Amino acid sequence: MVNKRKRQEPEDSDLEEPAPGRQILPVANLPDDFDGDPTDGMQYLFLVRRDARRLPHIKRAHNPYEESVRPHDPPVSAIARGVLPCEKWQDTFQSHFCNLRKNLTQPTIHVRRSSLMQQSIPEKKDREAWWNFLAGHPESEWSPAARAELRKKSKVAQHTPAVLESLRDASQGIDAVPSRGPNPTETPGDDTQTVAAANLSLQLMVEPSDGNLATPMSSQDAQGPQEDAKPLPREATPNRLRGIDHRMSIHLLMYFVHWINLHLQNFDDASKIITNSHARWILSLLTRVEDTVSADEMNLLRNLARACLGILQTRRGRVEAAEAISDASCWMIFTAVAGVWGQKDLWTDAEAVLSRP
């Protein structure tokens with residue numbers, strides 16, 4: 001194989017053909033500040049070349065119809081307008097929230113779990129019971145045992161009218177049968193036993209088997225209705241959070257997305273208001289969610305952030321109750337989802353939504 005080498009041509013060759021722009025005439029070697037008159041052709045060519053180098057390469061003719069264009073002011077960012085929280089706050093909150101997640105998930109020693117922990121929260125799939133539990137309602141309205149007993153009693157109440165009807169028909173049949181003489185098997189107390197059975201069936205409809213579902217009417221209740229004190233909401237204590245894992249947290253966060261959407265659809269309904277206690281529960285549940293989530297779980301978290309964004313957008317210009325969720329709580333939930341799970345594009349959505357008039 002023959003190696004091909006590029007032929008090196010000399011820089012100054014006498015055989016080169018003259019080309020435009022090349023120096024073919026002798027030029028005088030004078031200083032650049034020479035201001036005398038040329039005495040020969042070489043000096044003249046020097047002055048011509050020097051003046052040519054000083055001329056601009058491109059020259060623009062003046063446009064008599066040109067109008068001055070005012071430069072546009074740079075757009076003000078959403079953070080500068082106060083629409084979004086500042087980046088320093090975002091970074092600080094994200095750092096603190098990540099440390100909280102680590103502190104709540106790390107194992108502890110010499111800590112005994114409470115035996116009542118399993119009974120301190122409602123069933124996972126009972127959404128109504130969870131709403132009553134968070135609102136601070138009595139245990140009879142959310143306890144799994146109490147609600148199971150309530151369902152059992154409802155079934156008994158459905159069958160009670162049929163039992164009463166059969167007893168009534170039986171008593172009418174006994175009265176309609178003519179007496180044919182003394183019956184050795186019939187006793188004088190049969191009618192009394194029939195009435196007692198009917199009374200027992202009536203008691204099944206009005207009397208509970210335990211004290212969780214109903215209580216006897218006291219003398220104060222008989223005097224007249226009194227104003228009930230509003231129950232205090234239940235908070236997300238560490239004891240309750242220990243019984244909640246990743247999957248249950250995702251399931252409960254799905255409930256909160258549903259409740260927030262109901263609140264946005266019925267914004268003036270006080271029974272569907274989202275409170276700061278709910279916000280603390282949401283943040284506590286987010287601490288139980290793992291760093292790696294599935295696509296469906298990520299979609300749920302994004303819907304949660306957008307739901308909080310909907311509260312911020314809807315409440316502008318409105319007056320809400322004092323216990324309603326605050327703007328700071330909404331931003332905490334939004335920042336937790338956008339920062340911890342890397343959903344930075346949500347900030348663009350927030351800027352677009354909240355910048356609308």
# chains A, B, ... in the order shown; residues from 1 in each chain; ligands from 1
>>> residues_around(residues="Gly136 of chain A", least_positions_apart="2", cutoff="6 Å", atoms="only C-alpha atoms", output="PyMOL selection string")
chain A and resi 133-134+231-234
>>> write_last_selection(atoms="N, CA and C atoms", output="CSV table (one decimal), in the first residue's frame")
chain,number,residue,atom,x,y,z
A,133,PHE,N,-63.5,10.2,61.6
A,133,PHE,CA,-62.4,10.1,62.5
A,133,PHE,C,-61.5,11.4,62.6
A,134,LEU,N,-61.3,12.0,61.4
A,134,LEU,CA,-60.5,13.2,61.3
A,134,LEU,C,-61.2,14.4,61.9
A,231,PRO,N,-66.6,19.0,68.2
A,231,PRO,CA,-65.5,18.1,68.6
A,231,PRO,C,-64.2,18.7,68.0
A,232,LEU,N,-63.1,18.4,68.7
A,232,LEU,CA,-61.8,18.7,68.3
A,232,LEU,C,-61.3,17.7,67.3
A,233,PRO,N,-60.6,18.1,66.2
A,233,PRO,CA,-60.1,17.2,65.2
A,233,PRO,C,-59.0,16.3,65.8
A,234,ARG,N,-58.9,15.1,65.3
A,234,ARG,CA,-57.8,14.2,65.7
A,234,ARG,C,-56.6,14.5,64.8
>>> residues_around(residues="His251 of chain A", least_positions_apart="3", cutoff="12 Å", atoms="only C-alpha atoms", output="mmCIF file with C-alpha atoms, in the first residue's frame")
data_model
loop_
_atom_site.group_PDB
_atom_site.id
_atom_site.type_symbol
_atom_site.label_atom_id
_atom_site.label_comp_id
_atom_site.auth_asym_id
_atom_site.auth_seq_id
_atom_site.Cartn_x
_atom_site.Cartn_y
_atom_site.Cartn_z
ATOM 1 C CA GLU A 123 -60.583 0.634 58.408
ATOM 2 C CA LYS A 124 -58.540 1.423 55.316
ATOM 3 C CA LYS A 125 -61.406 1.255 52.814
ATOM 4 C CA ASP A 126 -64.031 3.062 54.897
ATOM 5 C CA ARG A 127 -63.832 6.628 53.544
ATOM 6 C CA TRP A 130 -62.045 8.295 58.056
ATOM 7 C CA ILE A 244 -49.780 3.401 58.453
ATOM 8 C CA ASP A 245 -47.465 2.083 55.731
ATOM 9 C CA HIS A 246 -46.744 3.236 52.183
ATOM 10 C CA ARG A 247 -49.764 1.615 50.554
ATOM 11 C CA MET A 248 -52.170 2.855 53.194
ATOM 12 C CA MET A 254 -56.549 9.430 47.452
ATOM 13 C CA TYR A 255 -59.328 10.221 49.953
ATOM 14 C CA PHE A 256 -57.900 13.706 50.504
ATOM 15 C CA VAL A 257 -57.814 14.375 46.754
ATOM 16 C CA HIS A 258 -61.485 13.376 46.604
ATOM 17 C CA ILE A 282 -51.491 15.127 54.387
ATOM 18 C CA LEU A 285 -48.887 10.817 55.198
ATOM 19 C CA LEU A 286 -46.370 12.123 52.664
ATOM 20 C CA ARG A 288 -44.733 7.612 54.885
ATOM 21 C CA VAL A 289 -44.635 7.529 51.070
ATOM 22 C CA ASP A 296 -50.253 5.554 39.169
ATOM 23 C CA GLU A 297 -48.977 6.661 42.563
ATOM 24 C CA LEU A 300 -52.035 10.629 42.477
ATOM 25 C CA LEU A 301 -49.358 12.828 44.067
#
>>> closest_residue(among="A:Ile250, A:Lys88, A:Phe93, A:Leu30", to="Glu290 of chain A", atoms="only C-alpha atoms")
A:Ile250
>>> closest_residue(among="A:Leu241, A:Ala229, A:Val340, A:Leu354", to="Pro85 of chain A", atoms="only C-alpha atoms")
A:Leu354
>>> residues_around(residues="segment 304-320 of chain A", least_positions_apart="3", cutoff="9 Å", atoms="only C-alpha atoms", output="PyMOL selection string")
chain A and resi 253-254+256-257+260-261+263-264+267-268+299-301+323-327+329-331+333-338+346+349-350+353-354
>>> select_by_dssp(residues="segment 247-323 of chain A", states="alpha helix (DSSP H)", output="PyMOL selection string")
chain A and resi 247-265+276-286+295-314
>>> closest_residue(among="A:Thr292, A:Arg60, A:Arg50, A:Thr287", to="Lys102 of chain A", atoms="only C-alpha atoms")
A:Thr287
>>> closest_residue(among="A:Asp51, A:Pro138, A:Thr92, A:Cys98", to="Asp33 of chain A", atoms="only C-alpha atoms")
A:Asp51
